[in-house]
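One structure is given below, encoded as structure tokens.
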Amino acid sequence: MALYMMSVLFAYYILKAASRGLFLAKFDIDKLPGLYILIALFGGILAYVYTKIAIRSSLKAAVLGATAVSVVVLLGLVPLLRTGQMWTYYFFNIWVSLFSIMLVSQGWLIAGNVFTSREAKRLYGILGVGSVIGAAFGGTFAAWLVGLIGVGNLLFPCAGMVVVAYGLFRLMLRLPGVNLDQAKGADDEEAEFSLGEILRSVKESRHLQVIVASITITYVVDVMVEYQFSAMAKEAYASDPTGKQLTAFLGNFYGLWLNLITFFLQLFLTSFVASRFGVGGTLQIMPVTLFIASVVTYLSPSVLTTAGARLAEAATRYSFNRTGMELLYLPLPVELRNRVKAFLDIVVDRLARGLGGAILIVLGTWLHLGIDDVAIAVLVLTVLWMVLSWLAQREYVTTVRNRLASRRLDLESVRVAVTDLETIRMLEQTAQSEQPRQAAYALSLLAESAGYDPAALLAKMSKTAEAAVRAPMYRLAMAAGDKSLMARAEAELAGGAPVPEAIAYLLAQSGDPDTQVGALLDHENATVARAALDNLARHPERAQRLLSDGWLNAASKHADPQRRALAATAVRIRGDAGTAVLHQLLADPAPAVVTSALAAAGHLQNRSYLDALLGRLGHARYRGDALRALAAFGDKITGSLSDLMNDETVAVAVRRQIPRVLRRIPTQRSVDALLAAINARDLTLRATVLRSLNGLREEQPQLTYGTQPVVAQIHAEAKFYYEMSATLAAFEKKQGDSPAASLLVRTLQDRLRDTISRLFRLLGLQFPPTEIYSAYLAVRRKGSGESYTTALEFLDQVLDRDLKRVVLPLLDSSTNVLERGKELYGVNLPEVEEALRRLMKSGDNWLVCCAMATAGEWKMKQLSDDIRCLKDSGEEVCAVASQVSATLTVL
Amino acid sequence: MAELNIIERVIALEGVDLLKNLSPEQLSRIASIAKEVRYAPGKRILDAASAQDSLFVILDGKVELASNGSVLHTAQQGEVLGAWALFDSEPLPVQATASHDVHLLRISRDDFFDLLSDNMEITAAIFSTLVRRFRQITEAIKQ
């Protein structure tokens, strides 16, 4: 990753020097503000278009695309620049601004997908070093090579480095643990922010207004300082019309000097300043430095003083200002923070640079002011900036305080290695507050703050009695390697009611952990023994030594269920080789033991526990744990699960839960197993299968949800609907005040509603699920006007002719369903007797009961034989059949 | 007297306000956990002093509901006793005594909860009834 960043930055710093060097050599300095505006405008549009395309592509495709486009454009630019046409120099500079967005930002996006946020905090420093080395070498290389091959030909090595970077990306994909299959080509937030929503947020939040104003002023000043520097540099190298000397100078300046100074400031000073002077102090450094630099520039305008100002501006912006701004974002909710940052990066940054260009045009072209006068303008802006930084600090403190009070501060998602002084102080105060939950929250945030020394705080808090506060206090001490709480933890242990974190802390500091853990495993307090087991879970070799078969057997037979639950956890930690205790624990009468045993079985993934796990699936008390345990086995049991789900001799309570297990195994085999059961006879199972398939489709749209079986089932459900409608029509007129017939009619209506629901779920497997669900909701509220009509029109558009023919008539209230059923599937309107007879043979127990009871109420003696045949069915059917038969016999 | 079959039990349960939103098939699942019980005249069905754990539906007979010795109401066929006992174990403010031979359908809280945990749609329907009831009470208080 570091090599990748190095290659990209190498190419970028060659391009940066070459593009600006050529422009300054070919044009008067008064054309530069226009270029700033064009870069802001076209660079912004191109960046927006790129982000829109990238968000729809995978990261791999985006990297390949960006590489290919970059190489083609770079190689194409070489002959174009040789023509000497003016537009080519503008195009070149605009293109370089897009290059940084595509390839440099892409590098950080790759890093964001390869590393977790914790790894990122640790490793981004290394990537930063790679970037600095790449930039420094790129700039120096450009300065050396330009004298030999000319400015235009520098684009060849650039193209070469872009190809090298792509090669490194491909190599990285082969590394173990790197999987970018699901990664998108751009962050969602980048493309999906809504301008109206962001502007509303900015309008409502003073904090955001200060951020926007700070960024605007930063980039306006950036443009003005760069302009001064460019003007002086152009003047200094005016004798070289080829731009070679200017390019060499800019290469060294930007690539080598600027990067080295920024690197030095970032490495040695930024954290120190942020932790010592807080957000406000960090944000003040840039305007104060620029104020001084601008005074010098005004008094003595030269290439040296403007270069100094430019170095001060860019180096403090990349180091202090960037860190200060990151901290300024910290108290915002994560989603808003991501959206706002994307908005600022894409829109405000460019608008501000464009605004800077416009101000320069007013100052230079209209007011005919010189470089020293621009320095005065910068001076005024820096004073304004200092006030803004002071305001920013005030807003930051207020917002952090409010967020802390509501426990909504997220340090984890901020990729900075320092946490500023104000935040630390506020967290320390909150940690010592009277409110335990806030105190615990503050302590957990402090534990995440890299480099924080908690000794002083822990000394003040060592007498805290609240368990909710003691736990994070020990975690903080452990994270910092602080040993000052040893006596306190030992006292807690001796007192008999320690928090588990106290034991974890003691064991982490222990000189002889084997002996201590061994002793604590048999501690009379089960919480202590569990904390000892937690320690063994982190030290597998120690677990093998201490968790003997003898210990397991004794614990598994202990009278106390908590001990037996510990035995199950111990099996999970050390494995089940040579012991069969987990089988016994899975059948334990105590729920806590079974729960631990289920977790252990899922962790070990030993198929010999499958029967026990499946058995527990049928019990509501254990269902959740059994589901998780079975899902942990993954794809290797999907075949067995499929067989059981389709086996009608297996308890239906178990079969109905299997689709939920399969949903948690998001693979093609799970989908195939579920598809094989979409026509299950049991309607509840069928509905659960479809729910699981819909859930998988939503989360795993890349899997294949077989067309043929789904279409066949849509036809089967449609036919069922037409048949049920015909049966219902036979009873509707006759039901009168017969209670059993009323139950039968309402059950048939329920069946029709359920069938429509299943039909839409099936359609959701073939067509866009969200739209299909919206159509379902509209159809369910049948007759509610426009949305219903729109839903029918939508289905008319998306369904193919075959499906449209069978599905639409079911939903369209103007259609005669009975006629269409006859036409499509030959379904006839049955006589009442025939309809009841069919229902009695349907195999749907509840409908069978209703049909028999209706026959009894209507005294339909002619159905006596059919009812008598059902006496051998299930218990409830049999009871109804016997009573109805007896009634009919008496008649 | 013969036991009620599932259909008859469902018809009896249709009168229970708490179960109003349930479909006939969902009611049949509740009917399958209901047990028939009989009380002789004078037998105490619900005691004001003890915690309740069951709902009763009167299938046949009459039950006197009394408080502090005075009869407040005589419940008859189709009426429900202790509807909220399914969710709340607090003793009732009244006691119920069979005034004739009484035939009841009894649903115990444990069986009911087991059933709910296996049938999400029944739980949802009962929640919806409770929410509706809560809304009605809120509206009534507002007026």
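Identifiers for the structure tokens are assigned positionally: chains receive A, B, ... in sequence, residues are indexed from 1 per chain, and ligands are indexed from 1 in the order shown.
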
Item to check | Residue hits in chain A, query chain B, radius 10 Å, only C-alpha atoms, as a VMD selection string | outcome: chain A and resid 618 to 621 623 653 657 739 to 740 742 to 751 845 to 847 849 to 850 852 to 854 875 to 884

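Using only C-alpha atoms, the contacts of A:Ala629 at a cut-off of 7 Å, with sequence neighbours closer than 4 positions omitted, comprise Leu598, Ala599, Ala601, Gly602 and Asp625 of chain A.
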
Checklist entry - Excluding same-chain residues fewer than 5 positions from stretch 367-382 of chain A, what lies within 9 Å of it counting only C-alpha atoms, as a ChimeraX atom specification? => result /A:217,220-221,224-225,227-228,231-232,286-288,290-301,360-362,387

Writing out the chosen residues with N, CA and C atoms as a PDB file, in the first residue's frame:
```pdb
ATOM      1  N   ILE A 217     -11.954  30.503   3.723  1.00  0.00           N
ATOM      2  CA  ILE A 217     -10.857  31.457   3.869  1.00  0.00           C
ATOM      3  C   ILE A 217      -9.501  30.778   3.641  1.00  0.00           C
ATOM      4  N   VAL A 220      -9.090  30.506  -0.198  1.00  0.00           N
ATOM      5  CA  VAL A 220      -8.932  31.818  -0.830  1.00  0.00           C
ATOM      6  C   VAL A 220      -7.491  32.290  -0.604  1.00  0.00           C
ATOM      7  N   VAL A 221      -7.027  32.160   0.635  1.00  0.00           N
ATOM      8  CA  VAL A 221      -5.660  32.585   0.949  1.00  0.00           C
ATOM      9  C   VAL A 221      -4.639  31.698   0.218  1.00  0.00           C
ATOM     10  N   MET A 224      -4.218  32.983  -3.212  1.00  0.00           N
ATOM     11  CA  MET A 224      -3.556  34.294  -3.264  1.00  0.00           C
ATOM     12  C   MET A 224      -2.058  34.177  -2.985  1.00  0.00           C
ATOM     13  N   VAL A 225      -1.716  33.295  -2.045  1.00  0.00           N
ATOM     14  CA  VAL A 225      -0.284  33.116  -1.723  1.00  0.00           C
ATOM     15  C   VAL A 225       0.421  32.408  -2.884  1.00  0.00           C
ATOM     16  N   TYR A 227      -0.371  32.585  -5.955  1.00  0.00           N
ATOM     17  CA  TYR A 227      -0.276  33.558  -7.033  1.00  0.00           C
ATOM     18  C   TYR A 227       0.967  34.442  -6.850  1.00  0.00           C
ATOM     19  N   GLN A 228       1.142  34.922  -5.616  1.00  0.00           N
ATOM     20  CA  GLN A 228       2.317  35.764  -5.349  1.00  0.00           C
ATOM     21  C   GLN A 228       3.599  35.000  -5.658  1.00  0.00           C
ATOM     22  N   ALA A 231       4.062  34.423  -9.422  1.00  0.00           N
ATOM     23  CA  ALA A 231       4.453  35.656 -10.114  1.00  0.00           C
ATOM     24  C   ALA A 231       5.945  35.918  -9.932  1.00  0.00           C
ATOM     25  N   MET A 232       6.409  35.741  -8.712  1.00  0.00           N
ATOM     26  CA  MET A 232       7.834  35.987  -8.439  1.00  0.00           C
ATOM     27  C   MET A 232       8.709  34.939  -9.110  1.00  0.00           C
ATOM     28  N   MET A 286      -1.740  28.491  11.474  1.00  0.00           N
ATOM     29  CA  MET A 286      -1.655  28.838  10.047  1.00  0.00           C
ATOM     30  C   MET A 286      -1.899  30.336   9.798  1.00  0.00           C
ATOM     31  N   PRO A 287      -2.990  30.922  10.318  1.00  0.00           N
ATOM     32  CA  PRO A 287      -3.165  32.359  10.044  1.00  0.00           C
ATOM     33  C   PRO A 287      -2.063  33.225  10.651  1.00  0.00           C
ATOM     34  N   VAL A 288      -1.599  32.847  11.857  1.00  0.00           N
ATOM     35  CA  VAL A 288      -0.544  33.657  12.481  1.00  0.00           C
ATOM     36  C   VAL A 288       0.743  33.588  11.653  1.00  0.00           C
ATOM     37  N   LEU A 290       1.021  32.935   8.501  1.00  0.00           N
ATOM     38  CA  LEU A 290       0.826  33.639   7.237  1.00  0.00           C
ATOM     39  C   LEU A 290       0.819  35.154   7.424  1.00  0.00           C
ATOM     40  N   PHE A 291       0.314  35.577   8.574  1.00  0.00           N
ATOM     41  CA  PHE A 291       0.326  37.008   8.866  1.00  0.00           C
ATOM     42  C   PHE A 291       1.770  37.514   8.860  1.00  0.00           C
ATOM     43  N   ILE A 292       2.609  36.779   9.575  1.00  0.00           N
ATOM     44  CA  ILE A 292       4.027  37.182   9.648  1.00  0.00           C
ATOM     45  C   ILE A 292       4.668  37.122   8.260  1.00  0.00           C
ATOM     46  N   ALA A 293       4.423  36.009   7.542  1.00  0.00           N
ATOM     47  CA  ALA A 293       5.022  35.831   6.207  1.00  0.00           C
ATOM     48  C   ALA A 293       4.576  36.940   5.263  1.00  0.00           C
ATOM     49  N   SER A 294       3.306  37.356   5.386  1.00  0.00           N
ATOM     50  CA  SER A 294       2.792  38.386   4.486  1.00  0.00           C
ATOM     51  C   SER A 294       3.378  39.760   4.807  1.00  0.00           C
ATOM     52  N   VAL A 295       3.630  40.007   6.087  1.00  0.00           N
ATOM     53  CA  VAL A 295       4.294  41.272   6.450  1.00  0.00           C
ATOM     54  C   VAL A 295       5.666  41.325   5.775  1.00  0.00           C
ATOM     55  N   VAL A 296       6.389  40.188   5.866  1.00  0.00           N
ATOM     56  CA  VAL A 296       7.726  40.124   5.243  1.00  0.00           C
ATOM     57  C   VAL A 296       7.614  40.310   3.734  1.00  0.00           C
ATOM     58  N   THR A 297       6.633  39.620   3.122  1.00  0.00           N
ATOM     59  CA  THR A 297       6.449  39.733   1.664  1.00  0.00           C
ATOM     60  C   THR A 297       6.137  41.178   1.273  1.00  0.00           C
ATOM     61  N   TYR A 298       5.303  41.822   2.077  1.00  0.00           N
ATOM     62  CA  TYR A 298       4.945  43.200   1.751  1.00  0.00           C
ATOM     63  C   TYR A 298       6.167  44.116   1.825  1.00  0.00           C
ATOM     64  N   LEU A 299       6.962  43.904   2.862  1.00  0.00           N
ATOM     65  CA  LEU A 299       8.139  44.769   3.044  1.00  0.00           C
ATOM     66  C   LEU A 299       9.202  44.486   2.004  1.00  0.00           C
ATOM     67  N   SER A 300       9.357  43.217   1.619  1.00  0.00           N
ATOM     68  CA  SER A 300      10.415  42.851   0.671  1.00  0.00           C
ATOM     69  C   SER A 300       9.941  41.787  -0.302  1.00  0.00           C
ATOM     70  N   PRO A 301       9.130  42.163  -1.304  1.00  0.00           N
ATOM     71  CA  PRO A 301       8.617  41.139  -2.228  1.00  0.00           C
ATOM     72  C   PRO A 301       9.713  40.572  -3.127  1.00  0.00           C
ATOM     73  N   LEU A 360      -8.373  37.877  -7.150  1.00  0.00           N
ATOM     74  CA  LEU A 360      -7.106  38.253  -7.789  1.00  0.00           C
ATOM     75  C   LEU A 360      -7.352  39.037  -9.076  1.00  0.00           C
ATOM     76  N   ILE A 361      -8.380  38.636  -9.821  1.00  0.00           N
ATOM     77  CA  ILE A 361      -8.704  39.368 -11.055  1.00  0.00           C
ATOM     78  C   ILE A 361      -9.105  40.805 -10.702  1.00  0.00           C
ATOM     79  N   VAL A 362      -9.934  40.951  -9.651  1.00  0.00           N
ATOM     80  CA  VAL A 362     -10.367  42.296  -9.229  1.00  0.00           C
ATOM     81  C   VAL A 362      -9.149  43.117  -8.812  1.00  0.00           C
ATOM     82  N   VAL A 387      -9.815  35.451  13.939  1.00  0.00           N
ATOM     83  CA  VAL A 387     -11.086  35.582  14.675  1.00  0.00           C
ATOM     84  C   VAL A 387     -11.921  34.319  14.470  1.00  0.00           C
TER      85      VAL A 387
END
```

Next on the checklist: I'd like the neighbourhood of A:Asn93 as a list of chain:residue names, where a residue qualifies if any of its atoms comes within 10 Å (using only C-alpha atoms), though same-chain residues fewer than 5 positions away should be ignored.
Outcome noted: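 Listing them by chain and then by number gives A:Leu15, A:Lys16, A:Ala18, A:Ser19, A:Arg20, A:Leu22, A:Phe23, A:Leu35, A:Tyr36, A:Leu38, A:Ile39, A:Gly43, A:Thr88, A:Leu98, A:Phe99.
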
Next on the checklist: Show me, as a ChimeraX atom specification, the residues that have an atom within 10 Å of stretch 754-768 of chain A when counting only C-alpha atoms, minus same-chain residues fewer than 5 positions from it.
Outcome noted: /A:678,683-684,686-688,690-691,693-698,701,704-707,709-711,713-718,720-721,724,748-749,773,775-777,779-780,795,798-799,803,807,810-811

Stretch 141-152 of chain A surroundings by only C-alpha atoms, 12 Å radius, close-in-sequence under 3 positions cut, as a compact mmCIF listing (two decimals) with N, CA and C atoms, in the first residue's frame:
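For reference, selection.txt as written:
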```txt
# COMPACT_ATOMS: atom_id res chain seq x y z
N PHE A 10 4.57 10.08 -6.74
CA PHE A 10 5.73 10.33 -7.58
C PHE A 10 5.26 10.95 -8.90
N ALA A 11 4.26 10.29 -9.51
CA ALA A 11 3.74 10.77 -10.80
C ALA A 11 3.08 12.14 -10.62
N TYR A 12 2.32 12.30 -9.54
CA TYR A 12 1.56 13.53 -9.35
C TYR A 12 2.49 14.73 -9.21
N TYR A 13 3.58 14.57 -8.47
CA TYR A 13 4.45 15.73 -8.25
C TYR A 13 5.27 16.09 -9.50
N ILE A 14 5.47 15.13 -10.37
CA ILE A 14 6.09 15.48 -11.67
C ILE A 14 5.08 16.33 -12.45
N LEU A 15 3.84 15.83 -12.47
CA LEU A 15 2.80 16.52 -13.24
C LEU A 15 2.54 17.93 -12.72
N LYS A 16 2.51 18.04 -11.39
CA LYS A 16 2.20 19.33 -10.78
C LYS A 16 3.25 20.38 -11.21
N ALA A 17 4.54 19.99 -11.12
CA ALA A 17 5.61 20.93 -11.50
C ALA A 17 5.56 21.23 -12.99
N ALA A 18 5.36 20.19 -13.80
CA ALA A 18 5.39 20.36 -15.26
C ALA A 18 4.23 21.23 -15.73
N SER A 19 3.01 20.95 -15.21
CA SER A 19 1.83 21.68 -15.70
C SER A 19 1.95 23.17 -15.35
N ARG A 20 2.32 23.46 -14.10
CA ARG A 20 2.39 24.86 -13.69
C ARG A 20 3.59 25.56 -14.34
N GLY A 21 4.71 24.83 -14.46
CA GLY A 21 5.90 25.41 -15.08
C GLY A 21 5.63 25.82 -16.52
N LEU A 22 4.98 24.92 -17.27
CA LEU A 22 4.66 25.23 -18.67
C LEU A 22 3.72 26.42 -18.78
N PHE A 23 2.71 26.44 -17.92
CA PHE A 23 1.71 27.51 -17.98
C PHE A 23 2.37 28.87 -17.73
N ALA A 25 5.43 29.66 -18.05
CA ALA A 25 6.38 30.02 -19.10
C ALA A 25 5.67 30.56 -20.34
N LEU A 74 -2.25 11.05 -20.61
CA LEU A 74 -0.86 11.49 -20.48
C LEU A 74 -0.11 11.32 -21.80
N LEU A 75 -0.29 10.13 -22.40
CA LEU A 75 0.42 9.88 -23.66
C LEU A 75 -0.14 10.78 -24.79
N GLY A 76 -1.45 11.03 -24.74
CA GLY A 76 -2.06 11.90 -25.74
C GLY A 76 -1.64 13.35 -25.59
N LEU A 77 -1.35 13.76 -24.35
CA LEU A 77 -0.97 15.15 -24.10
C LEU A 77 0.40 15.51 -24.69
N VAL A 78 1.28 14.49 -24.79
CA VAL A 78 2.65 14.78 -25.28
C VAL A 78 2.61 15.44 -26.65
N PRO A 79 1.97 14.80 -27.68
CA PRO A 79 1.93 15.48 -28.99
C PRO A 79 1.09 16.77 -28.98
N LEU A 80 0.04 16.77 -28.15
CA LEU A 80 -0.82 17.96 -28.10
C LEU A 80 -0.03 19.18 -27.61
N LEU A 81 0.77 18.98 -26.56
CA LEU A 81 1.54 20.09 -26.01
C LEU A 81 2.58 20.59 -27.03
N ARG A 82 3.06 19.66 -27.87
CA ARG A 82 4.05 20.06 -28.88
C ARG A 82 3.46 21.00 -29.92
N THR A 83 2.13 20.95 -30.11
CA THR A 83 1.51 21.85 -31.10
C THR A 83 1.58 23.31 -30.63
N GLY A 84 1.74 23.50 -29.31
CA GLY A 84 1.88 24.85 -28.77
C GLY A 84 0.57 25.60 -28.68
N THR A 88 -4.18 23.78 -24.86
CA THR A 88 -3.60 22.53 -24.34
C THR A 88 -3.00 22.74 -22.95
N TYR A 89 -2.45 23.97 -22.70
CA TYR A 89 -1.83 24.23 -21.39
C TYR A 89 -2.91 24.35 -20.30
N PHE A 92 -4.12 20.83 -19.70
CA PHE A 92 -3.13 20.08 -18.92
C PHE A 92 -3.29 20.38 -17.43
N ILE A 133 7.72 10.28 0.60
CA ILE A 133 8.88 9.83 -0.18
C ILE A 133 8.58 9.92 -1.67
N GLY A 134 7.38 9.45 -2.06
CA GLY A 134 6.98 9.49 -3.47
C GLY A 134 6.99 10.93 -3.99
N ALA A 135 6.39 11.85 -3.19
CA ALA A 135 6.30 13.25 -3.61
C ALA A 135 7.70 13.87 -3.72
N ALA A 136 8.53 13.59 -2.72
CA ALA A 136 9.88 14.18 -2.71
C ALA A 136 10.69 13.68 -3.90
N PHE A 137 10.64 12.36 -4.14
CA PHE A 137 11.38 11.81 -5.27
C PHE A 137 10.80 12.27 -6.60
N GLY A 138 9.47 12.36 -6.65
CA GLY A 138 8.81 12.81 -7.89
C GLY A 138 9.28 14.21 -8.25
N LEU A 155 5.95 13.56 -19.25
CA LEU A 155 4.70 12.80 -19.13
C LEU A 155 4.91 11.31 -19.37
N PHE A 156 5.97 10.95 -20.09
CA PHE A 156 6.24 9.51 -20.31
C PHE A 156 6.54 8.78 -18.99
N PRO A 157 7.54 9.28 -18.19
CA PRO A 157 7.75 8.58 -16.91
C PRO A 157 6.53 8.61 -15.99
N CYS A 158 5.73 9.70 -16.12
CA CYS A 158 4.51 9.75 -15.30
C CYS A 158 3.60 8.58 -15.64
N ASP A 240 13.96 31.92 -19.49
CA ASP A 240 13.85 30.58 -20.08
C ASP A 240 12.43 30.35 -20.62
N PRO A 241 12.22 30.54 -21.93
CA PRO A 241 10.86 30.41 -22.49
C PRO A 241 10.39 28.96 -22.55
N THR A 242 11.30 27.98 -22.43
CA THR A 242 10.88 26.55 -22.51
C THR A 242 10.21 26.10 -21.23
N GLY A 243 10.41 26.83 -20.15
CA GLY A 243 9.80 26.45 -18.87
C GLY A 243 10.57 25.36 -18.13
N LYS A 244 11.74 24.93 -18.70
CA LYS A 244 12.49 23.84 -18.07
C LYS A 244 12.97 24.23 -16.67
N GLN A 245 13.58 25.45 -16.58
CA GLN A 245 14.15 25.88 -15.30
C GLN A 245 13.04 26.08 -14.26
N LEU A 246 11.94 26.66 -14.74
CA LEU A 246 10.82 26.90 -13.83
C LEU A 246 10.24 25.57 -13.32
N THR A 247 10.13 24.60 -14.23
CA THR A 247 9.62 23.28 -13.85
C THR A 247 10.55 22.63 -12.83
N ALA A 248 11.87 22.74 -13.09
CA ALA A 248 12.85 22.15 -12.16
C ALA A 248 12.73 22.81 -10.79
N PHE A 249 12.57 24.14 -10.80
CA PHE A 249 12.44 24.86 -9.54
C PHE A 249 11.17 24.42 -8.79
N LEU A 250 10.05 24.37 -9.52
CA LEU A 250 8.78 24.00 -8.89
C LEU A 250 8.81 22.54 -8.40
N GLY A 251 9.49 21.67 -9.19
CA GLY A 251 9.62 20.26 -8.79
C GLY A 251 10.32 20.16 -7.45
N ASN A 252 11.45 20.84 -7.33
CA ASN A 252 12.18 20.81 -6.06
C ASN A 252 11.38 21.45 -4.94
N PHE A 253 10.74 22.58 -5.29
CA PHE A 253 10.02 23.32 -4.27
C PHE A 253 8.86 22.50 -3.70
N TYR A 254 7.96 22.05 -4.60
CA TYR A 254 6.77 21.34 -4.12
C TYR A 254 7.10 19.92 -3.66
N GLY A 255 7.87 19.23 -4.52
CA GLY A 255 8.11 17.82 -4.23
C GLY A 255 9.00 17.63 -3.02
N LEU A 256 10.15 18.29 -3.05
CA LEU A 256 11.15 18.01 -2.01
C LEU A 256 10.92 18.87 -0.76
```

Next on the checklist: Give me, as a ChimeraX atom specification, the residues of stretch 594-837 of chain A that a backbone DSSP run labels alpha helix (DSSP H).
Outcome noted: /A:594-604,610-617,620-633,638-646,652-655,658-663,668-675,683-699,707-732,739-766,769-780,786-798,801-811,817-825,832-837

Checklist entry - Running DSSP on the backbone, which parts of stretch 44-81 of chain B land in strand (DSSP E or B), as a ChimeraX atom specification? => result /B:44-46,54-60,63-67,70-75,80-81

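Nearest-residue note for B:Asp60: choosing from B:Ala85, B:Ala96, B:Ile33, B:Ala12, the minimum distance belongs to B:Ala12, counting only C-alpha atoms.
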
Checklist entry - Which residues come within 8 Å of B:Leu46, counting only C-alpha atoms, excluding same-chain residues fewer than 3 positions away, as a list in words? => result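 Once the nearby chain positions are removed, what remains is Ser50, Gln52, Leu92, Val94, Gln95, Ala96 and Thr97 of chain B.
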
Okay, now the selection with N, CA and C atoms, as a PDB file, in the first residue's frame?
```
ATOM      1  N   SER B  50     -54.904 -13.737  45.443  1.00  0.00           N
ATOM      2  CA  SER B  50     -53.769 -14.433  44.805  1.00  0.00           C
ATOM      3  C   SER B  50     -53.467 -13.922  43.398  1.00  0.00           C
ATOM      4  N   GLN B  52     -52.681 -13.897  39.485  1.00  0.00           N
ATOM      5  CA  GLN B  52     -53.375 -14.592  38.403  1.00  0.00           C
ATOM      6  C   GLN B  52     -52.385 -15.006  37.320  1.00  0.00           C
ATOM      7  N   LEU B  92     -56.414  -9.557  40.984  1.00  0.00           N
ATOM      8  CA  LEU B  92     -57.527  -8.759  40.466  1.00  0.00           C
ATOM      9  C   LEU B  92     -58.228  -8.030  41.616  1.00  0.00           C
ATOM     10  N   VAL B  94     -61.297  -7.972  42.076  1.00  0.00           N
ATOM     11  CA  VAL B  94     -62.557  -8.679  42.382  1.00  0.00           C
ATOM     12  C   VAL B  94     -62.274 -10.171  42.546  1.00  0.00           C
ATOM     13  N   GLN B  95     -63.278 -10.879  43.125  1.00  0.00           N
ATOM     14  CA  GLN B  95     -63.156 -12.335  43.104  1.00  0.00           C
ATOM     15  C   GLN B  95     -64.302 -12.918  42.296  1.00  0.00           C
ATOM     16  N   ALA B  96     -64.006 -14.056  41.618  1.00  0.00           N
ATOM     17  CA  ALA B  96     -65.008 -14.670  40.749  1.00  0.00           C
ATOM     18  C   ALA B  96     -65.380 -16.033  41.318  1.00  0.00           C
ATOM     19  N   THR B  97     -66.689 -16.258  41.462  1.00  0.00           N
ATOM     20  CA  THR B  97     -67.167 -17.524  42.035  1.00  0.00           C
ATOM     21  C   THR B  97     -68.234 -18.106  41.118  1.00  0.00           C
TER      22      THR B  97
END
```

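The gap separating atom CA of B:Glu90 from atom CA of B:Ala48 is 9.4 Å, in Å to one decimal.
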
Checklist entry - Which of these, B:Ala66, B:Ile58, B:Ala49, B:Leu130, has the shortest distance to B:Phe87 once you count only C-alpha atoms? => result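 Under the stated criterion, the closest residue is B:Leu130.
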
Checklist entry - Pick from A:Pro591, A:Gly856, A:Pro333, A:Pro659: nearest to A:Val671, with only C-alpha atoms counted? => result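 That would be A:Pro659, the residue with the smallest distance to A:Val671.
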
Checklist entry - Pick from B:Leu55, B:Leu65, B:Ile30, B:Val102: nearest to B:Asp88, with only C-alpha atoms counted? => result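 Closest candidate: B:Leu55.
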
Checklist entry - Just how far from atom CA of A:Ala677 is atom CA of A:Pro809, in Å to one decimal? => result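 Calculated distance between atom CA of A:Pro809 and atom CA of A:Ala677 is 26.3 Å.
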
Next on the checklist: Just the number, please: distance in Å from atom CA of A:Leu388 to atom CA of A:Arg350, one decimal.
Outcome noted: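 Going from atom CA of A:Leu388 over to atom CA of A:Arg350 covers 20.0 Å.
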